[in-house]
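Asks: Hey, dropping start13.tsv in here, TSV, C-alpha atoms:
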chain	number	residue	atom	x	y	z
A	132	MET	CA	274.11	-46.15	90.25
A	133	THR	CA	271.28	-47.63	92.34
A	134	LYS	CA	268.37	-46.01	94.12
A	135	HIS	CA	270.37	-46.31	97.35
A	136	ASP	CA	272.94	-43.90	95.89
A	137	ILE	CA	270.39	-41.19	95.06
A	138	VAL	CA	268.94	-38.60	97.43
A	139	ALA	CA	266.33	-35.99	96.52
A	140	GLY	CA	265.45	-32.98	98.66
A	141	LEU	CA	262.25	-30.95	98.30
A	142	ASP	CA	261.78	-27.48	99.77
A	143	ILE	CA	258.06	-26.67	99.59
A	144	GLY	CA	257.98	-22.98	100.41
A	145	THR	CA	255.44	-20.19	100.29
A	146	SER	CA	257.04	-18.46	97.31
A	147	LYS	CA	258.84	-21.31	95.54
A	148	VAL	CA	259.21	-25.08	95.37
A	149	CYS	CA	262.80	-26.20	94.98
A	150	CYS	CA	264.14	-29.70	94.29
A	151	ALA	CA	267.73	-30.95	94.36
A	152	ILE	CA	268.91	-34.44	93.38
A	153	GLY	CA	272.28	-35.76	94.48
A	154	GLU	CA	274.35	-38.91	94.28
A	155	VAL	CA	276.01	-40.25	97.43
A	156	SER	CA	279.53	-41.63	97.00
A	157	PRO	CA	280.89	-44.54	99.09
A	158	ASP	CA	282.87	-42.10	101.25
A	159	GLY	CA	279.76	-40.08	102.05
A	160	GLY	CA	280.40	-37.25	99.59
A	161	VAL	CA	277.59	-35.75	97.52
A	162	GLU	CA	277.45	-34.67	93.90
A	163	ILE	CA	274.49	-32.63	92.69
A	164	LEU	CA	273.03	-34.13	89.53
A	165	GLY	CA	269.92	-32.04	89.04
A	166	ARG	CA	267.97	-29.11	90.35
A	167	GLY	CA	264.53	-27.69	89.67
A	168	LEU	CA	262.57	-24.63	90.64
A	169	ALA	CA	258.90	-23.68	90.30
A	170	PRO	CA	256.67	-20.87	91.58
A	171	SER	CA	254.79	-22.07	94.64
A	172	LYS	CA	251.04	-22.37	94.31
A	173	GLY	CA	248.51	-23.76	96.73
A	174	LEU	CA	250.50	-22.80	99.84
A	175	LYS	CA	250.17	-20.03	102.40
A	176	LYS	CA	252.82	-19.43	105.09
A	177	GLY	CA	254.21	-22.91	104.48
A	178	ALA	CA	250.84	-24.70	104.78
A	179	VAL	CA	248.97	-26.39	101.94
A	180	VAL	CA	245.69	-24.66	101.09
A	181	ASP	CA	245.14	-26.38	97.72
A	182	ILE	CA	246.53	-29.90	97.31
A	183	ASP	CA	246.12	-30.00	93.51
A	184	GLU	CA	247.93	-26.69	92.98
A	185	ALA	CA	250.68	-27.65	95.42
A	186	ALA	CA	251.12	-30.99	93.64
A	187	LYS	CA	251.50	-29.23	90.28
A	188	SER	CA	254.26	-27.01	91.67
A	189	ILE	CA	256.02	-30.06	93.10
A	190	GLU	CA	255.72	-31.92	89.79
A	191	THR	CA	257.21	-28.97	87.90
A	192	ALA	CA	260.19	-28.53	90.23
A	193	VAL	CA	260.93	-32.26	90.49
A	194	GLY	CA	260.43	-32.77	86.76
A	195	GLU	CA	262.99	-30.07	85.97
A	196	ALA	CA	265.49	-31.65	88.38
A	197	GLU	CA	264.87	-35.13	86.91
A	198	LYS	CA	265.39	-33.85	83.38
A	199	MET	CA	268.76	-32.39	84.35
A	200	ALA	CA	269.77	-35.53	86.27
A	201	GLY	CA	268.68	-37.83	83.44
A	202	PHE	CA	266.46	-40.13	85.50
A	203	ASN	CA	263.36	-40.11	87.70
A	204	VAL	CA	263.18	-40.25	91.49
A	205	ASN	CA	260.52	-41.94	93.58
A	206	CYS	CA	261.20	-40.73	97.12
A	207	VAL	CA	262.13	-37.36	98.59
A	208	TYR	CA	263.13	-35.75	101.86
A	209	VAL	CA	260.83	-32.80	102.57
A	210	GLY	CA	261.67	-29.71	104.61
A	211	VAL	CA	258.76	-28.21	106.54
A	212	THR	CA	258.22	-24.86	108.17
A	213	GLY	CA	255.31	-22.61	109.01
A	214	GLU	CA	253.11	-21.62	111.92
A	215	TYR	CA	251.92	-25.22	112.37
A	216	ILE	CA	255.37	-26.27	113.59
A	217	SER	CA	256.30	-25.68	117.23
A	218	SER	CA	258.82	-26.89	119.78
A	219	MET	CA	259.19	-27.60	123.48
A	220	SER	CA	261.76	-28.83	125.97
A	221	SER	CA	261.65	-32.23	127.61
A	222	HIS	CA	263.64	-34.29	130.11
A	223	GLY	CA	264.17	-38.04	130.21
A	224	VAL	CA	265.58	-40.23	132.99
A	225	VAL	CA	266.44	-43.96	133.04
A	226	THR	CA	268.44	-46.35	135.20
A	227	VAL	CA	271.43	-47.86	133.39
A	228	GLY	CA	270.52	-51.43	132.45
A	229	ASN	CA	273.87	-53.26	132.40
A	230	THR	CA	274.99	-54.95	135.59
A	231	ASP	CA	278.47	-53.49	135.15
A	232	LYS	CA	276.84	-50.02	134.84
A	233	GLU	CA	278.39	-49.31	131.45
A	234	ILE	CA	276.03	-47.16	129.38
A	235	SER	CA	274.97	-48.89	126.18
A	236	GLU	CA	273.26	-47.80	122.99
A	237	SER	CA	270.10	-49.36	124.41
A	238	ASP	CA	270.27	-47.03	127.45
A	239	VAL	CA	270.57	-44.02	125.16
A	240	ARG	CA	267.57	-45.15	123.13
A	241	ARG	CA	265.55	-45.66	126.30
A	242	VAL	CA	266.35	-42.21	127.70
A	243	ILE	CA	265.41	-40.62	124.36
A	244	GLU	CA	262.11	-42.51	124.44
A	245	ALA	CA	261.58	-41.28	128.01
A	246	ALA	CA	262.02	-37.70	126.79
A	247	ARG	CA	259.59	-38.42	123.95
A	248	LEU	CA	256.84	-39.16	126.49
A	249	VAL	CA	256.30	-35.43	127.04
A	250	GLY	CA	252.63	-34.54	126.81
A	251	VAL	CA	251.83	-33.73	123.18
A	252	PRO	CA	248.27	-32.70	122.20
A	253	ASN	CA	246.34	-35.21	120.09
A	254	ASP	CA	246.40	-32.86	117.10
A	255	ARG	CA	250.22	-32.73	117.13
A	256	GLU	CA	252.84	-35.23	116.00
A	257	ILE	CA	256.49	-35.41	117.04
A	258	ILE	CA	258.88	-34.76	114.14
A	259	HIS	CA	262.22	-34.70	115.99
A	260	VAL	CA	263.59	-35.47	119.44
A	261	VAL	CA	266.95	-33.71	119.53
A	262	PRO	CA	269.20	-34.29	122.59
A	263	LYS	CA	270.79	-31.12	123.91
A	264	ASN	CA	272.69	-32.43	126.91
A	265	PHE	CA	273.25	-35.75	128.69
A	266	MET	CA	273.80	-36.18	132.42
A	267	ILE	CA	275.33	-39.16	134.18
A	268	ASP	CA	274.70	-39.41	137.92
A	269	GLY	CA	274.09	-35.66	138.07
A	270	THR	CA	277.14	-34.66	136.00
A	271	ASP	CA	275.99	-32.70	132.97
A	272	GLY	CA	277.73	-31.63	129.76
A	273	VAL	CA	278.15	-35.22	128.52
A	274	LYS	CA	278.08	-35.42	124.73
A	275	ASN	CA	278.69	-39.12	124.04
A	276	PRO	CA	277.45	-41.25	126.96
A	277	ILE	CA	277.91	-44.65	125.27
A	278	GLY	CA	280.70	-46.57	126.96
A	279	MET	CA	280.81	-44.40	130.06
A	280	SER	CA	279.92	-45.75	133.52
A	281	GLY	CA	277.01	-44.62	135.64
A	282	MET	CA	273.82	-45.64	137.37
A	283	ARG	CA	271.45	-42.90	136.21
A	284	LEU	CA	271.29	-41.44	132.69
A	285	GLU	CA	269.36	-38.25	131.92
A	286	VAL	CA	268.85	-36.14	128.83
A	287	ASP	CA	267.59	-32.65	128.11
A	288	ALA	CA	265.92	-32.76	124.71
A	289	HIS	CA	264.41	-30.36	122.22
A	290	ILE	CA	261.11	-31.68	120.85
A	291	VAL	CA	259.82	-30.46	117.48
A	292	VAL	CA	256.15	-31.14	116.72
A	293	GLY	CA	253.83	-30.43	113.82
A	294	MET	CA	250.06	-30.29	113.48
A	295	VAL	CA	248.86	-33.67	112.23
A	296	THR	CA	246.61	-32.27	109.49
A	297	PHE	CA	249.38	-29.95	108.28
A	298	LEU	CA	251.77	-32.90	107.91
A	299	GLN	CA	249.08	-35.02	106.28
A	300	ASN	CA	248.38	-32.36	103.65
A	301	ILE	CA	252.09	-32.06	102.86
A	302	ASN	CA	252.22	-35.85	102.42
A	303	LYS	CA	249.09	-35.87	100.22
A	304	SER	CA	250.51	-33.15	97.98
A	305	VAL	CA	253.75	-35.07	97.51
A	306	GLN	CA	251.86	-38.30	96.79
A	307	ARG	CA	249.58	-36.58	94.29
A	308	ALA	CA	252.71	-35.46	92.50
A	309	GLY	CA	253.61	-39.15	92.08
A	310	LEU	CA	256.21	-39.31	94.85
A	311	GLU	CA	256.68	-40.80	98.30
A	312	ILE	CA	258.34	-39.28	101.33
A	313	GLU	CA	261.36	-41.17	102.66
A	314	GLU	CA	260.96	-42.96	105.98
A	315	ASN	CA	261.22	-40.28	108.67
A	316	GLY	CA	261.76	-37.95	105.74
A	317	ILE	CA	259.75	-34.96	106.94
A	318	VAL	CA	262.38	-32.66	108.42
A	319	LEU	CA	262.26	-29.32	110.21
A	320	GLY	CA	263.68	-26.98	107.57
A	321	SER	CA	266.30	-25.34	109.77
A	322	ILE	CA	268.07	-28.68	110.40
A	323	PRO	CA	269.07	-29.38	106.76
A	324	THR	CA	269.62	-25.67	106.17
A	325	SER	CA	272.19	-25.68	108.96
A	326	LEU	CA	274.04	-28.52	107.21
A	327	ALA	CA	274.25	-26.42	104.06
A	328	VAL	CA	275.40	-23.08	105.51
A	329	LEU	CA	276.92	-23.55	108.99
A	330	SER	CA	280.33	-24.84	109.99
A	331	GLU	CA	280.90	-27.22	112.89
A	332	GLU	CA	282.89	-24.49	114.63
A	333	GLU	CA	279.96	-22.07	114.45
A	334	LYS	CA	277.60	-24.63	115.94
A	335	GLU	CA	280.11	-25.36	118.68
A	336	LEU	CA	280.66	-21.70	119.64
A	337	GLY	CA	277.00	-20.75	119.46
A	338	ILE	CA	275.19	-19.49	116.38
A	339	VAL	CA	271.72	-18.24	115.46
A	340	LEU	CA	270.58	-19.45	112.04
A	341	VAL	CA	267.90	-17.23	110.50
A	342	ASP	CA	266.21	-18.38	107.29
A	343	ILE	CA	263.93	-15.66	105.94
A	344	GLY	CA	261.43	-17.44	103.73
A	345	GLY	CA	258.46	-16.13	101.81
A	346	GLY	CA	255.80	-16.51	104.49
A	347	THR	CA	257.77	-17.21	107.67
A	348	THR	CA	261.22	-16.83	109.20
A	349	ASP	CA	262.87	-19.95	110.66
A	350	VAL	CA	265.15	-19.52	113.65
A	351	ALA	CA	267.46	-22.25	114.97
A	352	ILE	CA	270.02	-21.72	117.73
A	353	PHE	CA	272.99	-24.05	118.11
A	354	LYS	CA	275.50	-24.35	120.94
A	355	ASN	CA	278.09	-27.03	121.69
A	356	ASN	CA	277.12	-28.67	118.39
A	357	SER	CA	273.56	-29.18	119.65
A	358	LEU	CA	270.26	-27.65	118.59
A	359	VAL	CA	269.10	-25.80	121.70
A	360	ASN	CA	266.11	-23.83	120.44
A	361	THR	CA	263.92	-23.35	117.38
A	362	ALA	CA	261.21	-20.88	116.49
A	363	ILE	CA	259.16	-19.98	113.45
A	364	LEU	CA	258.26	-16.32	113.17
A	365	PRO	CA	254.99	-15.55	111.32
A	366	ILE	CA	256.61	-12.95	109.10
A	367	GLY	CA	258.74	-13.25	105.98
A	368	GLY	CA	259.73	-11.79	102.65
A	369	SER	CA	256.17	-11.73	101.31
A	370	ASN	CA	255.29	-9.19	104.00
A	371	ILE	CA	257.89	-6.82	102.53
A	372	THR	CA	256.36	-7.31	99.09
A	373	TYR	CA	252.82	-6.63	100.34
A	374	ASP	CA	254.01	-3.49	102.12
A	375	ALA	CA	255.57	-2.26	98.88
A	376	VAL	CA	252.32	-2.95	96.98
A	377	ILE	CA	250.33	-0.82	99.41
A	378	VAL	CA	252.78	2.01	100.04
A	379	LEU	CA	254.13	2.37	96.51
A	380	ARG	CA	250.82	1.49	94.78
A	381	ILE	CA	252.36	-0.93	92.33
A	382	PRO	CA	251.39	-4.46	91.17
A	383	HIS	CA	252.56	-7.42	93.26
A	384	ALA	CA	254.90	-8.70	90.55
A	385	GLU	CA	256.59	-5.30	90.31
A	386	ALA	CA	256.90	-5.05	94.10
A	387	GLU	CA	258.59	-8.45	94.24
A	388	ARG	CA	260.92	-7.54	91.39
A	389	ILE	CA	262.15	-4.24	92.79
A	390	LYS	CA	262.44	-5.71	96.30
A	391	ILE	CA	264.93	-8.23	94.93
A	392	GLU	CA	266.72	-5.90	92.53
A	393	LYS	CA	266.76	-2.60	94.44
A	394	GLY	CA	265.64	-3.28	98.01
A	395	CYS	CA	268.06	-2.29	100.77
A	396	ALA	CA	268.32	-1.87	104.52
A	397	GLY	CA	270.12	1.35	105.29
A	398	MET	CA	270.02	3.82	102.41
A	399	ASP	CA	273.23	5.06	100.85
A	400	PRO	CA	272.78	8.88	100.78
A	401	SER	CA	274.28	9.01	97.30
A	402	LYS	CA	271.42	6.87	95.97
A	403	GLU	CA	268.51	8.65	97.71
A	404	ASP	CA	267.45	10.49	94.55
A	405	GLU	CA	267.48	7.36	92.38
A	406	GLN	CA	264.20	6.53	90.65
A	407	ILE	CA	263.12	2.98	89.84
A	408	GLN	CA	261.08	2.38	86.70
A	409	VAL	CA	257.93	0.35	87.42
A	410	VAL	CA	254.62	-0.67	85.90
A	411	SER	CA	251.99	1.31	87.81
A	412	LEU	CA	248.46	0.30	88.79
A	413	SER	CA	246.93	3.14	86.78
A	414	SER	CA	247.92	5.64	84.16
A	415	VAL	CA	247.59	8.42	86.74
A	416	ASP	CA	250.38	7.05	88.94
A	417	PRO	CA	254.00	7.90	88.01
A	418	PRO	CA	255.94	5.19	86.13
A	419	SER	CA	258.73	5.28	88.71
A	420	VAL	CA	259.18	5.12	92.48
A	421	SER	CA	261.81	6.57	94.75
A	422	ARG	CA	264.47	4.12	95.86
A	423	LYS	CA	264.58	5.93	99.20
A	424	GLU	CA	260.89	5.22	99.70
A	425	LEU	CA	261.41	1.56	98.79
A	426	ALA	CA	264.28	1.37	101.28
A	427	GLU	CA	262.04	2.73	104.03
A	428	VAL	CA	259.45	0.02	103.30
A	429	VAL	CA	262.03	-2.78	103.23
A	430	GLU	CA	263.89	-1.60	106.32
A	431	GLY	CA	260.69	-1.10	108.32
A	432	ARG	CA	259.62	-4.70	107.87
A	433	LEU	CA	263.12	-6.08	108.41
A	434	LEU	CA	263.28	-4.21	111.70
A	435	ASP	CA	260.10	-6.06	112.73
A	436	ILE	CA	261.83	-9.37	111.97
A	437	PHE	CA	264.92	-8.28	113.92
A	438	GLU	CA	262.82	-7.37	116.97
A	439	TRP	CA	261.11	-10.77	116.91
A	440	LEU	CA	264.52	-12.35	116.54
A	441	LYS	CA	265.94	-10.40	119.46
A	442	LYS	CA	263.25	-11.85	121.73
A	443	GLU	CA	264.13	-15.41	120.65
A	444	ILE	CA	267.81	-14.77	121.28
A	445	ARG	CA	267.06	-13.41	124.75
A	446	LYS	CA	265.19	-16.61	125.64
A	447	VAL	CA	268.45	-18.50	125.17
A	448	THR	CA	270.97	-16.00	126.49
A	449	SER	CA	268.89	-15.48	129.65
A	450	THR	CA	269.73	-19.08	130.58
A	451	GLY	CA	273.44	-18.32	130.55
A	452	ILE	CA	274.19	-19.50	127.00
A	453	HIS	CA	276.61	-17.25	125.13
A	454	LEU	CA	276.29	-16.86	121.37
A	455	ALA	CA	279.04	-15.98	118.90
A	456	GLY	CA	276.98	-14.63	116.02
A	457	VAL	CA	274.06	-14.77	113.62
A	458	THR	CA	273.91	-16.26	110.11
A	459	PHE	CA	271.17	-15.19	107.71
A	460	THR	CA	270.07	-17.27	104.74
A	461	GLY	CA	267.03	-17.52	102.49
A	462	GLY	CA	266.05	-15.29	99.60
A	463	CYS	CA	265.73	-12.06	101.61
A	464	SER	CA	269.22	-12.46	103.04
A	465	ASN	CA	270.40	-11.09	99.67
A	466	ILE	CA	268.87	-7.67	100.40
A	467	GLU	CA	271.58	-5.03	100.34
A	468	GLY	CA	272.70	-3.89	103.79
A	469	ILE	CA	270.75	-6.51	105.76
A	470	ALA	CA	273.81	-7.83	107.61
A	471	LEU	CA	274.94	-4.39	108.82
A	472	LYS	CA	271.44	-3.40	109.92
A	473	ALA	CA	270.90	-6.70	111.73
A	474	GLN	CA	274.25	-6.39	113.50
A	475	GLU	CA	273.30	-2.90	114.63
A	476	VAL	CA	270.02	-4.13	116.14
A	477	LEU	CA	271.09	-7.52	117.52
A	478	GLN	CA	274.52	-6.47	118.78
A	479	LEU	CA	276.07	-9.69	117.50
A	480	PRO	CA	278.35	-10.42	114.53
A	481	VAL	CA	276.25	-11.16	111.43
A	482	ARG	CA	277.11	-12.87	108.16
A	483	ILE	CA	275.17	-14.06	105.11
A	484	GLY	CA	275.26	-17.85	104.80
A	485	LYS	CA	275.73	-19.30	101.31
A	486	PRO	CA	275.27	-23.03	100.62
A	487	VAL	CA	278.38	-25.17	100.78
A	488	VAL	CA	279.80	-25.72	97.31
A	489	LEU	CA	279.09	-29.30	96.25
A	490	PRO	CA	280.41	-31.03	93.11
A	491	GLY	CA	278.03	-30.51	90.20
A	492	LEU	CA	276.31	-27.52	91.82
A	493	PRO	CA	275.18	-25.08	89.10
A	494	GLU	CA	276.36	-21.50	89.51
A	495	ASN	CA	272.81	-20.18	89.82
A	496	PHE	CA	272.13	-22.62	92.66
A	497	LYS	CA	274.85	-21.22	94.93
A	498	ASP	CA	272.41	-18.67	96.28
A	499	SER	CA	270.97	-18.53	99.81
A	500	SER	CA	267.50	-19.16	98.38
A	501	TYR	CA	268.41	-22.83	97.79
A	502	SER	CA	270.02	-23.59	101.14
A	503	MET	CA	267.24	-25.87	102.38
A	504	ALA	CA	266.93	-28.00	99.24
A	505	LEU	CA	270.68	-28.58	99.13
A	506	GLY	CA	270.75	-29.19	102.87
A	507	LEU	CA	268.08	-31.87	102.49
A	508	VAL	CA	270.33	-33.73	100.05
A	509	ILE	CA	273.20	-33.51	102.54
A	510	TYR	CA	270.86	-34.61	105.33
A	511	GLY	CA	269.71	-37.60	103.31
A	512	SER	CA	273.25	-38.50	102.32
A	513	LYS	CA	274.29	-38.62	105.96
A	514	LYS	CA	271.51	-41.08	106.67
A	515	ARG	CA	272.44	-43.16	103.64
A	516	SER	CA	276.20	-42.91	103.89
A	517	ARG	CA	277.95	-46.25	103.89
A	518	THR	CA	280.64	-44.82	106.11
A	519	LEU	CA	278.26	-45.33	109.02
A	520	GLU	CA	278.41	-49.09	108.38
A	521	ARG	CA	282.16	-49.22	108.83
A	522	VAL	CA	283.22	-50.21	112.31
A	523	SER	CA	286.53	-49.01	113.64
A	524	SER	CA	288.82	-51.58	115.15
A	525	SER	CA	289.57	-49.31	118.12
A	526	ARG	CA	287.37	-48.98	121.17
A	527	VAL	CA	287.10	-45.23	120.78
A	528	GLY	CA	286.20	-45.58	117.13
A	529	ASP	CA	283.51	-48.11	117.97
A	530	VAL	CA	281.89	-45.80	120.50
A	531	PHE	CA	282.08	-42.84	118.12
A	532	GLN	CA	280.52	-44.88	115.33
A	533	LYS	CA	277.61	-45.90	117.55
A	534	VAL	CA	277.02	-42.31	118.55
A	535	LEU	CA	277.00	-41.27	114.88
A	536	GLN	CA	274.52	-43.97	113.98
A	537	TRP	CA	272.27	-43.06	116.89
A	538	LEU	CA	272.39	-39.33	116.09
A	539	HIS	CA	271.32	-39.93	112.50
A	540	GLU	CA	268.40	-42.06	113.62
A	541	VAL	CA	267.33	-39.44	116.17
A	542	PHE	CA	267.38	-36.72	113.53
Re-express the file's structure as structure tokens.

Replies:
Amino acid sequence: MTKHDIVAGLDIGTSKVCCAIGEVSPDGGVEILGRGLAPSKGLKKGAVVDIDEAAKSIETAVGEAEKMAGFNVNCVYVGVTGEYISSMSSHGVVTVGNTDKEISESDVRRVIEAARLVGVPNDREIIHVVPKNFMIDGTDGVKNPIGMSGMRLEVDAHIVVGMVTFLQNINKSVQRAGLEIEENGIVLGSIPTSLAVLSEEEKELGIVLVDIGGGTTDVAIFKNNSLVNTAILPIGGSNITYDAVIVLRIPHAEAERIKIEKGCAGMDPSKEDEQIQVVSLSSVDPPSVSRKELAEVVEGRLLDIFEWLKKEIRKVTSTGIHLAGVTFTGGCSNIEGIALKAQEVLQLPVRIGKPVVLPGLPENFKDSSYSMALGLVIYGSKKRSRTLERVSSSRVGDVFQKVLQWLHEVF
């Protein structure tokens, strides 16, 4: 294998750093060769607060993945999230350049660049320009404009930006760990996560992807196979843990443990009297806590997340977009009863999204906690895939291939 066959994804989160290494086959398939996991240090709500500590966590996770894969990697795709990422809508308009008025790949690039010219503050940098909808001479709903005829091409785009210093500190941490970030390899976390847990049909019908991380919750809404809105909520699984520390008066490590093992949303009456053995903060405190009390803590904070989420959903549905459901992923999506409670609040079908099963994927990596790292490998494989270099002999195939190439460059 060569370096062009290898893709590494790095999820630098508030609670953990996760690395996945995959090999890309000639037909675009991916086999997972290695994976690594390390406790996250030097980060707070997705932002680096200590470069040296963050670099050590990255080194540990990548080193574990390299050991399993049997070789070292030099470059990685990095998923980013946190309160320093934001988004906005933009609109681009160009006149079709060809004299015969057939829209070319060049016209599409120009209209994307026109949308990119939206006013972005000096302290922000554009990460993605994602087209939501093309219009030709006032007719909207166009997905693939290349090859069509028209005089005026427009695009509605979703712009994702990040604070420059935030992105620089992520890059410095990766470099200090002895790695480089792939060209255009800093990626909004919800994009690769969607590749790992959502189907094309879900993205076509309209789906809300909710990734509950340690420090933040990522929200991405898809419709007609396009990303129409993103948001990052400043609340995550760590807030549940902190609530448990305060209310139950137990150490942080114990609060995290019982949240994962016994936390639930919606208490089963038959389990209300159950006691959970814990290590207390003092000898005076009881060595156990009520599972009912833990459930009240967990559910209270999850309801906060659901209310935030409801507001984001309303922003989209108020424009006339209909959604078919919600998919939760991330570590906290494993909390018992979360899907039923979310469905009750959001009034939409809810499911828990597990990563797509890839060849070589270890059993303990098929958990929602690793969706982003695996999605980054898939994301990178799509950019590397040699299938994009094959040109169909048919006219339709040629147009489709160009659209695929352009989409991968935009993302």

Asks: Tell me which protein, DNA and RNA residues are within 8 Å of Ile152 (chain A), counting all atoms listed in the file, leaving out same-chain ones fewer than 5 positions away, and put them as JSON, numbers by chain.

Replies: {"A": [137, 138, 139, 140, 163, 164, 165, 166, 196, 197, 200, 508]}

Asks: Would you mind exporting C-alpha atoms of the selected residues as a PDB file, in the frame of the given file?

Replies:
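Result saved to again-v6.pdb:
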ATOM      1  CA  ILE A 137     270.390 -41.190  95.060  1.00  0.00           C
ATOM      2  CA  VAL A 138     268.940 -38.600  97.430  1.00  0.00           C
ATOM      3  CA  ALA A 139     266.330 -35.990  96.520  1.00  0.00           C
ATOM      4  CA  GLY A 140     265.450 -32.980  98.660  1.00  0.00           C
ATOM      5  CA  ILE A 163     274.490 -32.630  92.690  1.00  0.00           C
ATOM      6  CA  LEU A 164     273.030 -34.130  89.530  1.00  0.00           C
ATOM      7  CA  GLY A 165     269.920 -32.040  89.040  1.00  0.00           C
ATOM      8  CA  ARG A 166     267.970 -29.110  90.350  1.00  0.00           C
ATOM      9  CA  ALA A 196     265.490 -31.650  88.380  1.00  0.00           C
ATOM     10  CA  GLU A 197     264.870 -35.130  86.910  1.00  0.00           C
ATOM     11  CA  ALA A 200     269.770 -35.530  86.270  1.00  0.00           C
ATOM     12  CA  VAL A 508     270.330 -33.730 100.050  1.00  0.00           C
TER      13      VAL A 508
END

Asks: Have a look at A:Pro382, A:Gly210, A:Pro262, A:Gly293 and name the one nearest to Lys274 (chain A); count only C-alpha atoms.

Replies: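 Result for the nearest residue to Lys274 (chain A): A:Pro262.
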
Asks: Choose the residue, out of A:Thr448, A:Ser502, A:Ser188, A:Ser218, that has the smallest atom-to-atom separation from Gly461 (chain A); count all atoms listed in the file.

Replies: A:Ser502

Asks: Measuring atom to atom with all atoms listed in the file, identify which of A:Val410, A:Ile267, A:Leu336, A:Ile343 is nearest to Gly367 (chain A).

Replies: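 Closest to Gly367 (chain A) of all the choices is A:Ile343.
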
Asks: Which is closest to Lys393 (chain A) among A:Asn465, A:Ser369, A:Ser499, A:Gln306, if we use all atoms listed in the file?

Replies: A:Asn465

Asks: Skipping near chain neighbours, those fewer than 6 positions away, what residues fall within 12 Å of Val224 (chain A) using only C-alpha atoms, listed as a count of residues only?

Replies: 23

Asks: Which residue out of A:Ser237, A:Thr458, A:Thr191, A:Thr372 has the minimum interatomic distance to Ala473 (chain A) when all atoms listed in the file are used?

Replies: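 For Ala473 (chain A), the nearest of the candidates is A:Thr458.
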
Asks: I'd like the interatomic distance between CA of Val227 (chain A) and CA of Pro276 (chain A), to a tenth of an Å.

Replies: 11.0 Å

Asks: Every residue with an atom at most 12 Å from (255.2, 2.9, 94.7) (file coordinates; all atoms listed in the file) is what I'm after, so could you write them as a PyMOL selection string?

Replies: chain A and resi 372-383+385-387+389-390+406-413+416-428

Asks: So that I can check the surroundings of region 173-176 of chain A, please list as a count of residues only every protein, DNA and RNA residue that reaches within 10 Å of it, counting all atoms listed in the file and ignoring chain neighbours fewer than 3 positions away.

Replies: 30

Asks: Which residues are near Ser325 (chain A)? Cut-off 8 Å, all atoms listed in the file, ignore same chain within fewer than 3 positions. Put them as a PyMOL selection string.

Replies: chain A and resi 321-322+328-329+340+506

Asks: Since the input is missing atoms for region 208-220 of chain A, could you rebuild it with N, CA and C atoms and give the result as a JSON list (two decimals), in the frame of the given file?

Replies:
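After the write, rebuild_1.json holds the following:
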[["chain", "number", "residue", "atom", "x", "y", "z"],
["A", 208, "TYR", "N", 263.13, -36.32, 100.52],
["A", 208, "TYR", "CA", 263.13, -35.75, 101.86],
["A", 208, "TYR", "C", 262.47, -34.38, 101.73],
["A", 209, "VAL", "N", 261.59, -34.04, 102.66],
["A", 209, "VAL", "CA", 260.83, -32.80, 102.57],
["A", 209, "VAL", "C", 261.10, -31.93, 103.78],
["A", 210, "GLY", "N", 261.48, -30.68, 103.53],
["A", 210, "GLY", "CA", 261.67, -29.71, 104.61],
["A", 210, "GLY", "C", 260.36, -28.99, 104.89],
["A", 211, "VAL", "N", 260.02, -28.87, 106.17],
["A", 211, "VAL", "CA", 258.76, -28.21, 106.54],
["A", 211, "VAL", "C", 259.04, -27.01, 107.43],
["A", 212, "THR", "N", 258.17, -26.04, 107.32],
["A", 212, "THR", "CA", 258.22, -24.86, 108.17],
["A", 212, "THR", "C", 256.81, -24.30, 108.25],
["A", 213, "GLY", "N", 256.63, -23.21, 108.93],
["A", 213, "GLY", "CA", 255.31, -22.61, 109.01],
["A", 213, "GLY", "C", 254.79, -22.55, 110.44],
["A", 214, "GLU", "N", 253.67, -21.86, 110.59],
["A", 214, "GLU", "CA", 253.11, -21.62, 111.92],
["A", 214, "GLU", "C", 252.54, -22.87, 112.56],
["A", 215, "TYR", "N", 252.45, -23.97, 111.81],
["A", 215, "TYR", "CA", 251.92, -25.22, 112.37],
["A", 215, "TYR", "C", 253.02, -26.11, 112.93],
["A", 216, "ILE", "N", 254.24, -25.58, 112.96],
["A", 216, "ILE", "CA", 255.37, -26.27, 113.59],
["A", 216, "ILE", "C", 255.71, -25.55, 114.88],
["A", 217, "SER", "N", 255.93, -26.29, 115.95],
["A", 217, "SER", "CA", 256.30, -25.68, 117.23],
["A", 217, "SER", "C", 257.30, -26.58, 117.93],
["A", 218, "SER", "N", 257.82, -26.11, 119.06],
["A", 218, "SER", "CA", 258.82, -26.89, 119.78],
["A", 218, "SER", "C", 258.63, -26.74, 121.28],
["A", 219, "MET", "N", 259.25, -27.63, 122.02],
["A", 219, "MET", "CA", 259.19, -27.60, 123.48],
["A", 219, "MET", "C", 260.40, -28.33, 124.04],
["A", 220, "SER", "N", 260.66, -28.13, 125.30],
["A", 220, "SER", "CA", 261.76, -28.83, 125.97],
["A", 220, "SER", "C", 261.22, -30.03, 126.73]]
